[in-house]
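J.: My structure is below; once you've seen it, I'll send some questions.
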Amino acid sequence: MTHTRRETLLIGLGAFAAATGLAGPSLAATLEERIDAFTGGAAMAEGGITLTAPEIAENGNTVPISVEAPGAVAIMLLASGNPNPDVGTFHFGPLAASQRAATRIRLAATQEVIAIAQMADGSFLRTSREVKVTIGGCGG
Amino acid sequence: MIPRRQFLQAGLAASALWGASGFGAWSRLAAQQRLTQEDLIGPPGPGNLTLIHITDIHAQTQPVWFREPEINLGVGEARGQPPHLTAEEFRAAFGIAKGSALDYALTWEDFVALGREYGRMGGLDRIATVVKAIRADRPDALLLDGGDTWQGSLPALRTAGQDMVELLGALGVDAMTAHWEFTLGSDRVREIVETQLACPFLGANIFDAEWDEPAFAPMAVFERGGTKVAVIGQAFPYLPVANPRWLFPDYSFGLRLERLAELVAQAREDGAGIVVLLSHNGFDVDRKVARDVPGIDVILTGHTHDAIPEPVQVEQTFLIASGSHGKFVSRLDLDVRDGRMQGLTHRLIPVFSDVIAPDPEMAARVEATRVPFAEEMAEVLGHAESLLYRRGNFNGTWDDVICDALLAQRDAEIALSPGFRWGASVMPGEAITREDVFNVTAMTYPAAYRTEMTGEMLKAVLEDVADNLFNPDPYYQQGGDMVRVGGLAYRIDVGAPMGSRISDLTLLASGEPVDPARTYVVAGWASVNEGTEGPPIWEVVEAHIRSLGTIRAEPRTHVTVTGI
């Protein structure tokens with residue numbers, strides 16, 4: 001629990017710095033390779049994981065997102081369209097009251113944000129949300 | 001279940017069932033020049049609950065000319081659906097006779113000739129007459145304002161919305177939501193809401209930006225006709241994207257449909273017989289919301305300025321579109337019994353200013369708000385030889401004048417003008433007054449900038465705005481029209497994906513293709529960036545009109561539209 005909270009805070013305070021530091025695969029790794037490294041190539045089911053993100057980012061430099069997957073031991077977040085897609089991986093210990101994490105991330109352009117949960121039984125769940133990053137300015 | 005007959009009556013393209021109180025009758029009366037105030041407002045409705053909807057008045061207290069769009073394309077699911085009908089398609093869908101009063105009110109063709117016959121529309125004093133007539137029959141009718149009320153005129157700009165706050169208070173608004181209101185700045189919005197506003201200011205999707213907690217009341221519950229009426233407010237979801245975030249940095253918006261669903265459930269749990277969404281989402285967004293968030297009986301739509309003569313039914317939800325600039329008032333008579341809505345009668349009341357008498361009390365109040373600025377507003381800057389209008393997906397003639405002003409007065413090669421949907425028209429033969437110029441420019445970030453952009457950047461801007469208008473998923477649209485351009489021609493394929501809609505960019509001065517690598521001098525206004533420098537756009541436009549004296553602006557063909 002303590003470890004989990006510390007890590008969550010670390011990620012929460014600076015998703016980029018933390019994610020870069022924690023990233024296992026090299027920067028050259030593709031999105032698929034990153035996912036494979038997390039899932040071991042296992043199949044991922046839909047449902048059971050909720051990713052909340054704005055449809056259009058109000059500010060691409062700080063986009064609030066949250067993810068929840070009841071029963072998960074870890075959730076990996078990926079920003080598929082960023083130069084470095086790693087956002088971070090949240091780990092939930094056995095005493096965690098809920099398997100939910102919220103943070104703010106930077107998105108370089110319109111892209112899919114992907115969340116993959118590793119469940120206690122070793123199975124994986126996947127979901128994604130498209131977040132639009134726009135120059136804006138002409139609504140009315 | 002609502003009885004089938006009433007569903008049909010309320011459904012779309014069931015004009016035959018609207019009968020004597022419907023649109024066909026007005027068309028005939030108008031054609032016979034027998035249109036009366038009583039015809040327009042209509043007889044008392046059935047049911048036990050009456051809602052009155054006004055929206056997107058944009059501070060227009062006076063009757064205006066307002067030409068509806070010639071091009072209003074729908075994409076994805078909305079393609080060819082109301083409100084994306086114009087001219088003959090619109091008339092056919094709603095049984096409106098060509099050349100009738102309603103044709104004039106709701107479509108664009110023959111606008112000048114029909115306008116001379118049927119006159120200006122709107123005016124808060126006429127709206128007051130309509131509201132009073134409905135309340136004489138149904139004293140507890142709820143009057144709901146969909147927002148974009150405190151911005152759009154010289155007096156509203158100079159008083160930071162004070163005139164409209166007082167006038168709408170006198171009109172007896174029961175609840176409102178917002179969009180352009182926030183461009184007055186967070187502090188001013190809070191000041192009005194906390195110390196002056198007589199009604200709830202609703203925004204289920206307005207959150208504190210730092211703590212992500214609700215910032216305004218999401219919902220108001222009224223007891224009417226023996227039932228609980230839950231009114232949920234939904235502010236424009238993309239305020240910080242479409243308008244300058246620095247003016248209201250404390251707030252975050254967004255669709256927040258999970259919260260909306262929670263509120264609908266809560267309202268039902270608390271015993272609401274009917275749930276109404278007072279929305280500034282825009283029509284296509286609301287069409288999708290109706291499907292994604294079940295349990296809303298009525299959505300009073302706004303933002304996209306559509307006027308639709310009949311409700312649009314999506315699943316068990318009825319969408320109402322009440323136009324803009326005070327041209328229309330919607331009346332809904334609802335039968336709510338045994339904890340649910342069992343019937344709905346709808347009337348889109350066109351506010352013909354020559355038919356509906358001004359309410360003397362409101363007329364006096366409006367006059368008082370205008371007196372301090374009367375001389376300034378009345379000053380004649382030039383004359384219009386052709387119709388000046390704005391609304392439509394691409395350039396309008398008013399925007400062409402603004403772009404020409406930017407090119408000439410700011411010595412630029414290319415001009416950009418935002419695709420706002422607000423702004424009254426000026427008829428050919430009329431004087432162009434300062435009030436007219438403010439009616440298409442009055443806002444709080446008016447700096448007319450002059451900058452340099454590469455051809456590549458220009459294309460990126462056009463692609464970005466095009467996607468905000470033509471993304472097939474309405475949740476990714478922002479509801480404005482396409483950015484207007486001067487000195488530039490381009491081709492747009494509205495059906496293409498983001499990034500590949502725009503092609504054949506051509507600099508009109510040289511007739512040469514725009515070079516992605518070259519730098520161009522670009523003038524524009526209404527930038528969302530803080531610290532933008534330049535004279536206010538109304539000064540630029542005024543100087544241009546004065547220098548020309550008479551303005552002749554025929555519709556231009558520099559934008560080629562494909563993929564419709």
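Every chain in the structure tokens takes a letter, A first, then B, and so on in the order presented; its residues are numbered from 1, and the ligands are numbered from 1 following the presented order.
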Per residue of region 49-79 of chain A within 8 Å of region 121-128 of chain A, which atom pair is closest and at what distance in Å (one decimal), using only C-alpha atoms, listed by chain and increasing number, as JSON lines?
T.:
```
{"residue": "A:Ile49", "atom": "CA", "partner": "A:Thr127", "partner_atom": "CA", "distance": 6.5}
{"residue": "A:Thr50", "atom": "CA", "partner": "A:Thr127", "partner_atom": "CA", "distance": 7.1}
{"residue": "A:Leu51", "atom": "CA", "partner": "A:Ser128", "partner_atom": "CA", "distance": 6.8}
```
J.: Export N, CA and C atoms of the chosen residues as a PDB file, in the first residue's frame?
T.:
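Printed below is selection-v7.pdb as written:
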```pdb
ATOM      1  N   ILE A  49     -12.979  -2.313 -17.544  1.00  0.00           N
ATOM      2  CA  ILE A  49     -12.018  -1.224 -17.322  1.00  0.00           C
ATOM      3  C   ILE A  49     -12.600   0.062 -17.904  1.00  0.00           C
ATOM      4  N   THR A  50     -12.565   1.122 -17.111  1.00  0.00           N
ATOM      5  CA  THR A  50     -13.156   2.390 -17.528  1.00  0.00           C
ATOM      6  C   THR A  50     -12.079   3.463 -17.590  1.00  0.00           C
ATOM      7  N   LEU A  51     -11.953   4.073 -18.764  1.00  0.00           N
ATOM      8  CA  LEU A  51     -11.006   5.172 -18.932  1.00  0.00           C
ATOM      9  C   LEU A  51     -11.825   6.440 -19.149  1.00  0.00           C
TER      10      LEU A  51
END
```
J.: So that I can check the surroundings of Ala108 (chain A), please list as a VMD selection string every protein, DNA and RNA residue that reaches within 9 Å of it, counting only C-alpha atoms and ignoring chain neighbours fewer than 6 positions away.
T.: chain A and resid 60 to 61 81 to 83 133
J.: Would you save the residues from that selection as a PDB file, in the first residue's frame, using N, CA and C atoms?
T.:
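What ended up in result16.pdb:
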```pdb
ATOM      1  N   GLY A  60      -3.846  20.706 -24.162  1.00  0.00           N
ATOM      2  CA  GLY A  60      -3.106  19.481 -24.465  1.00  0.00           C
ATOM      3  C   GLY A  60      -1.929  19.249 -23.530  1.00  0.00           C
ATOM      4  N   ASN A  61      -1.480  20.299 -22.851  1.00  0.00           N
ATOM      5  CA  ASN A  61      -0.337  20.153 -21.948  1.00  0.00           C
ATOM      6  C   ASN A  61      -0.711  19.523 -20.616  1.00  0.00           C
ATOM      7  N   GLY A  81      -0.090   8.456 -29.460  1.00  0.00           N
ATOM      8  CA  GLY A  81       0.413   9.396 -30.457  1.00  0.00           C
ATOM      9  C   GLY A  81       1.519  10.301 -29.954  1.00  0.00           C
ATOM     10  N   ASN A  82       2.001  10.067 -28.733  1.00  0.00           N
ATOM     11  CA  ASN A  82       3.108  10.889 -28.229  1.00  0.00           C
ATOM     12  C   ASN A  82       4.436  10.346 -28.736  1.00  0.00           C
ATOM     13  N   PRO A  83       5.460  11.215 -28.839  1.00  0.00           N
ATOM     14  CA  PRO A  83       6.778  10.725 -29.260  1.00  0.00           C
ATOM     15  C   PRO A  83       7.231   9.565 -28.371  1.00  0.00           C
ATOM     16  N   VAL A 133      -6.847  16.981 -29.728  1.00  0.00           N
ATOM     17  CA  VAL A 133      -6.080  18.163 -29.341  1.00  0.00           C
ATOM     18  C   VAL A 133      -6.161  19.133 -30.513  1.00  0.00           C
TER      19      VAL A 133
END
```
J.: Would you mind listing, as a ChimeraX atom specification, all residues of chain B that have at least one atom within 10 Å of chain A, where only C-alpha atoms are what counts?
T.: /B:148,179-180,209,212,236-245,252-256,258,303-305,417-422,460-461,463-465,467-469,475-484,526-529
J.: Find, counting only C-alpha atoms, the residue in B:Ala204, B:Met176, B:Val112, B:Val131 that gets nearest to Pro428 (chain B).
T.: B:Val112
J.: Can you tell me which residues surround Ser98 (chain A) at a distance of at most 9 Å, considering only C-alpha atoms, apart from same-chain residues fewer than 4 positions away, and format the answer as a VMD selection string?
T.: chain A and resid 68 to 71 92
J.: Please, what distance in Å, to one decimal, runs between CA of Leu344 (chain B) and CA of Leu167 (chain B)?
T.: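 Answer for the CA of Leu344 (chain B) to CA of Leu167 (chain B) separation: 29.5 Å.
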J.: Using only C-alpha atoms, which residues sit within 8 Å of region 495-497 of chain B once same-chain residues fewer than 2 positions away are excluded, as an NGL selection string?
T.: :B and (75 or 470-471 or 493 or 499-501 or 562-564)
J.: For a test of reading the model, state the distance in Å between CA of Phe394 (chain B) and CA of His544 (chain B), rounded to one decimal.
T.: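 For CA of Phe394 (chain B) relative to CA of His544 (chain B), the distance reads 22.0 Å.
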J.: What is the CA of Asp187 (chain B)-CA of Leu300 (chain B) distance in Å, reported with one decimal?
T.: 27.6 Å
J.: Report as JSON, numbers by chain all protein, DNA and RNA residues lying within 12 Å of Pro139 (chain B), evaluated on only C-alpha atoms, omitting residues in the same chain fewer than 4 positions from it.
T.: {"B": [44, 48, 49, 50, 51, 52, 131, 132, 133, 134, 135, 143, 172, 224, 225]}
J.: Please identify which residues in region 19-248 of chain B DSSP calls helix (DSSP H, G or I) from the backbone, and express them as number ranges by chain.
T.: B: 19-21, 23-31, 37-41, 76-78, 87-94, 101-106, 111-118, 124-137, 154-158, 162-171, 180-184, 186-195, 239-242, 245-247
J.: Can you pull out every residue within 10 Å of region 27-43 of chain A, counting only C-alpha atoms, but drop anything in the same chain fewer than 2 positions away, and send it as an NGL selection string?
T.: :A and (20 or 23-25 or 45 or 74-81 or 83-86 or 89 or 114-118 or 122-126)
J.: Give me the residues near Ala489 (chain B) as a ChimeraX atom specification, where near means some atom within 8 Å (using only C-alpha atoms) and where sequence neighbours in that chain fewer than 4 positions away do not count.
T.: /B:485,504-508,558-559
J.: Could you check the closest approach to Ile402 (chain B) for each of B:Arg337, B:Arg491, B:Arg138, B:Arg390 and tell me which residue wins, using only C-alpha atoms?
T.: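 Counting only C-alpha atoms, the residue closest to Ile402 (chain B) is B:Arg390.
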J.: Rank nothing, just name the residue among A:Val67, A:Val87, A:Met44, A:Ala72 nearest to Ala101 (chain A), using only C-alpha atoms.
T.: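 Among A:Val67, A:Val87, A:Met44, A:Ala72, it is A:Val67 that comes nearest to Ala101 (chain A).
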J.: Using only C-alpha atoms, can you tell me which of A:Arg129, A:Ala109, A:Gln99, A:Ile65 comes closest to Gly48 (chain A)?
T.: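 Among A:Arg129, A:Ala109, A:Gln99, A:Ile65, it is A:Gln99 that comes nearest to Gly48 (chain A).
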